[in-house]
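Shown below: entry10.txt, with compact mmCIF, C-alpha atoms.
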```
# COMPACT_ATOMS: atom_id res chain seq x y z
CA MET A 1 -31.42 55.98 39.05
CA GLY A 2 -29.73 57.23 35.89
CA ARG A 3 -31.30 56.91 32.47
CA VAL A 4 -29.79 56.27 29.05
CA PHE A 5 -31.08 57.95 25.91
CA VAL A 6 -30.20 57.48 22.25
CA HIS A 7 -30.82 60.61 20.18
CA ILE A 8 -31.01 60.45 16.41
CA HIS A 9 -31.53 63.15 13.81
CA GLY A 10 -34.46 62.24 11.60
CA ARG A 11 -36.66 59.18 11.31
CA PRO A 12 -34.89 56.25 9.60
CA LYS A 13 -36.03 56.04 5.99
CA GLY A 14 -35.23 52.49 4.89
CA GLN A 15 -37.98 50.06 5.86
CA ALA A 16 -35.70 47.15 6.81
CA THR A 17 -33.41 49.34 8.90
CA ARG A 18 -36.38 51.08 10.51
CA LEU A 19 -37.85 47.71 11.55
CA LEU A 20 -34.54 46.66 13.10
CA ILE A 21 -34.20 49.98 14.93
CA ASP A 22 -37.80 49.82 16.18
CA ASP A 23 -37.29 46.22 17.38
CA TYR A 24 -34.19 47.03 19.46
CA ALA A 25 -35.63 50.34 20.68
CA SER A 26 -38.63 48.39 21.98
CA ARG A 27 -36.42 45.76 23.64
CA ASN A 28 -34.37 48.47 25.32
CA LEU A 29 -37.35 50.16 26.98
CA SER A 30 -37.49 47.50 29.71
CA ALA A 31 -33.87 48.37 30.59
CA GLY A 32 -34.71 52.08 30.81
CA ILE A 33 -32.96 52.92 27.54
CA GLU A 34 -35.06 55.27 25.44
CA MET A 35 -34.67 56.42 21.84
CA VAL A 36 -35.47 60.04 20.99
CA VAL A 37 -36.03 60.93 17.34
CA HIS A 38 -35.54 64.56 16.34
CA LYS A 39 -37.64 65.54 13.33
CA ASP A 40 -36.04 65.65 9.88
CA LYS A 41 -36.91 69.34 9.72
CA THR A 42 -34.69 70.06 12.74
CA SER A 43 -31.53 71.69 11.45
CA PRO A 44 -28.26 70.00 12.40
CA SER A 45 -27.28 73.04 14.51
CA ASP A 46 -30.63 72.98 16.36
CA TYR A 47 -30.18 69.24 16.94
CA GLU A 48 -26.75 69.84 18.46
CA ARG A 49 -28.09 72.67 20.63
CA ARG A 50 -30.91 70.46 21.93
CA ILE A 51 -28.70 67.55 22.91
CA GLU A 52 -26.08 69.82 24.48
CA SER A 53 -28.67 71.67 26.57
CA SER A 54 -30.19 68.49 28.04
CA GLY A 55 -27.93 68.53 31.10
CA ALA A 56 -27.03 64.86 30.55
CA GLU A 57 -23.56 63.48 29.93
CA LEU A 58 -23.19 63.46 26.15
CA ILE A 59 -21.37 60.83 24.10
CA LEU A 60 -21.21 61.31 20.35
CA LEU A 61 -20.92 58.44 17.92
CA ASP A 62 -18.01 59.39 15.70
CA ASP A 63 -15.52 57.31 13.74
CA SER A 64 -12.66 59.10 15.55
CA GLY A 65 -13.95 58.03 18.98
CA ALA A 66 -12.74 55.30 21.30
CA MET A 67 -13.80 51.77 20.49
CA LEU A 68 -15.37 49.78 23.34
CA THR A 69 -15.97 46.08 23.81
CA SER A 70 -19.49 44.90 24.63
CA MET A 71 -18.33 44.23 28.19
CA GLU A 72 -16.94 47.77 28.55
CA LEU A 73 -20.22 49.22 27.28
CA ALA A 74 -22.14 47.03 29.74
CA GLU A 75 -19.99 48.37 32.58
CA MET A 76 -20.63 51.95 31.46
CA ILE A 77 -24.40 51.33 31.33
CA SER A 78 -24.33 49.68 34.75
CA GLU A 79 -22.51 52.67 36.26
CA VAL A 80 -25.02 55.11 34.77
CA THR A 81 -28.10 53.18 35.88
CA LEU A 82 -26.74 52.91 39.43
CA SER A 83 -26.00 56.64 39.54
CA HIS A 84 -28.27 59.64 39.41
CA ARG A 85 -26.88 60.98 36.16
CA ASN A 86 -28.35 60.65 32.69
CA LEU A 87 -26.40 59.69 29.60
CA ILE A 88 -27.12 60.51 25.96
CA PHE A 89 -25.63 58.64 23.04
CA ALA A 90 -26.08 60.95 20.05
CA ILE A 91 -25.92 59.83 16.46
CA GLY A 92 -25.22 62.69 14.14
CA PRO A 93 -27.10 63.98 11.19
CA ALA A 94 -26.24 62.51 7.80
CA ASP A 95 -23.26 64.85 7.37
CA GLY A 96 -21.97 64.31 10.91
CA PHE A 97 -21.47 66.60 13.88
CA SER A 98 -19.84 70.01 13.73
CA ASP A 99 -16.23 70.41 14.84
CA LYS A 100 -17.48 72.67 17.64
CA ILE A 101 -19.54 69.98 19.39
CA LYS A 102 -17.00 67.24 18.65
CA SER A 103 -14.24 69.20 20.37
CA GLY A 104 -16.11 69.38 23.67
CA CYS A 105 -17.67 65.93 23.95
CA LYS A 106 -16.63 62.37 24.62
CA LYS A 107 -16.78 60.24 21.47
CA ILE A 108 -17.09 56.53 20.84
CA SER A 109 -16.91 54.61 17.59
CA ILE A 110 -18.65 51.42 16.59
CA SER A 111 -16.49 51.09 13.49
CA ARG A 112 -13.64 52.84 11.74
CA MET A 113 -15.66 52.39 8.56
CA THR A 114 -18.21 55.00 7.57
CA LEU A 115 -21.77 53.84 8.25
CA THR A 116 -25.08 55.48 7.50
CA HIS A 117 -26.52 57.07 10.60
CA GLU A 118 -29.38 54.55 10.35
CA MET A 119 -27.02 51.55 10.41
CA ALA A 120 -25.06 53.13 13.27
CA THR A 121 -28.33 53.52 15.18
CA ALA A 122 -29.27 49.86 14.65
CA ILE A 123 -25.84 48.64 15.76
CA LEU A 124 -25.76 50.93 18.81
CA LEU A 125 -29.25 49.86 19.89
CA GLU A 126 -28.31 46.18 19.57
CA GLN A 127 -25.16 46.76 21.61
CA LEU A 128 -27.12 48.61 24.30
CA TYR A 129 -29.56 45.71 24.42
CA ARG A 130 -26.60 43.31 24.68
CA ALA A 131 -25.12 45.46 27.47
CA SER A 132 -28.37 45.34 29.44
CA GLU A 133 -28.56 41.56 28.96
CA ILE A 134 -24.94 41.18 30.11
CA ASN A 135 -25.81 43.20 33.21
CA LYS A 136 -28.82 40.94 33.85
CA GLY A 137 -26.69 37.82 33.44
CA SER A 138 -28.80 36.40 30.60
CA GLN A 139 -27.57 33.97 27.96
CA TYR A 140 -27.92 36.53 25.10
CA HIS A 141 -24.20 37.41 25.16
CA ARG A 142 -21.69 34.62 24.73
CA SER A 143 -18.02 35.29 25.47
```
Taking this structure as input, can you express it in the form of structure tokens?
Amino acid sequence: MGRVFVHIHGRPKGQATRLLIDDYASRNLSAGIEMVVHKDKTSPSDYERRIESSGAELILLDDSGAMLTSMELAEMISEVTLSHRNLIFAIGPADGFSDKIKSGCKKISISRMTLTHEMATAILLEQLYRASEINKGSQYHRS
């Protein structure tokens, strides 16, 4: 069974955003979706090296990436959990990912607008929770 991970660079600083992130990270655990926080002291290049060396399929959150619907994300999550591969969604450091890593990885976007990496984390975690609820057939998602 494949697993899904969300990697972020640095602990969210804002209290309200941190609470939202922690809430959805907790909800996602039952669906096998785990958040991994890399310490603030980890350099952006070390962060990129760590996520690239994991052996998992890597998807970067980047405003130039493809935009998915909630249903498309749910299908992607379903495929991963039914497979034996792992998937990492990586949210970049505050100044974004290097061109080197962006050129070799799949990218998705949650908005064409620029968001803080903390807000992007909160939105991604909510959408992953929604995807898992869609896959369960719950009433959380309404079409």
Among listed residues A:Ser138, A:His9, A:Met113, A:Ile33, nearest Thr81 in chain A (using all atoms listed in the file): A:Ile33
Hey, can you check how far CA of Ala120 in chain A sits from CA of Pro12 in chain A? 10.9 Å
Using only C-alpha atoms: which of A:Glu48, A:Leu29, A:Val4, A:Met35 has the shortest distance to Ile101 in chain A: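 Checking each candidate against Ile101 in chain A, we get A:Glu48 as the closest.
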Set the distance at 12 Å and use all atoms listed in the file: which residues neighbour range 39-44 of chain A once local chain neighbours fewer than 4 positions away are removed? I'd like the list as a PyMOL selection string. chain A and resi 7-13+48-51+91-98+101
Go ahead and save the picked residues with C-alpha atoms, as a compact mmCIF listing (two decimals), in the frame of the given file.
```
# COMPACT_ATOMS: atom_id res chain seq x y z
CA HIS A 7 -30.82 60.61 20.18
CA ILE A 8 -31.01 60.45 16.41
CA HIS A 9 -31.53 63.15 13.81
CA GLY A 10 -34.46 62.24 11.60
CA ARG A 11 -36.66 59.18 11.31
CA PRO A 12 -34.89 56.25 9.60
CA LYS A 13 -36.03 56.04 5.99
CA GLU A 48 -26.75 69.84 18.46
CA ARG A 49 -28.09 72.67 20.63
CA ARG A 50 -30.91 70.46 21.93
CA ILE A 51 -28.70 67.55 22.91
CA ILE A 91 -25.92 59.83 16.46
CA GLY A 92 -25.22 62.69 14.14
CA PRO A 93 -27.10 63.98 11.19
CA ALA A 94 -26.24 62.51 7.80
CA ASP A 95 -23.26 64.85 7.37
CA GLY A 96 -21.97 64.31 10.91
CA PHE A 97 -21.47 66.60 13.88
CA SER A 98 -19.84 70.01 13.73
CA ILE A 101 -19.54 69.98 19.39
```
Quote the spacing between CA of Ser132 in chain A and CA of Leu87 in chain A in Å to one decimal place. 14.5 Å
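Every protein or nucleic acid residue with an atom no more than 10 Å from range 15-21 of chain A, counting all atoms listed in the file and leaving out same-chain residues fewer than 5 positions away, appears here: Ser26, Arg27, Met35, Glu118, Met119, Ala120, Thr121, Ala122, Ile123, Leu124, Leu125 and Glu126 of chain A.
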Enclose all atoms of range 79-94 of chain A listed in the file in an axis-aligned box, grow every side by 6 Å, and hand back centre and edge lengths in Å to one decimal, as lines of an AutoDock Vina configuration file.
```
center_x = -25.4
center_y = 58.3
center_z = 23.7
size_x = 17.8
size_y = 23.3
size_z = 43.7
```
In Å, how far is it from CA of Ser111 in chain A to CA of Thr69 in chain A? 11.5 Å
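With distances restricted to all atoms listed in the file, A:Glu52 is the closest residue to Lys100 in chain A from A:Gly14, A:Ala31, A:Ser78, A:Glu52.
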Find the spatial neighbours of Cys105 in chain A, counting all atoms listed in the file, within a cut-off of 9 Å - ignore same-chain residues fewer than 5 positions away - and output them as a PyMOL selection string. chain A and resi 57-60
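Of the residues under consideration (A:Lys102, A:Lys107, A:Ala74, A:Asp22), A:Ala74 shows the shortest atom-to-atom contact distance to Gly137 in chain A when counting all atoms listed in the file.
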Any idea what's packed within 10 Å of Tyr140 in chain A, counting all atoms listed in the file, ignoring anything in its chain fewer than 5 positions away? Could you give it as a list in words? Tyr129, Arg130, Ala131, Ser132, Glu133 and Ile134 of chain A
Pick out the closest residue to Leu73 in chain A from this set: A:Leu128, A:Gln139, A:Tyr24, A:Leu61. Count only C-alpha atoms.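 The closest residue to Leu73 in chain A is A:Leu128.
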Identify which of the residues A:Asp62, A:Ser53, A:His141, A:Phe5 lies closest to Asp99 in chain A, counting all atoms listed in the file when measuring atom-to-atom distances.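 Result for the nearest residue to Asp99 in chain A: A:Asp62.
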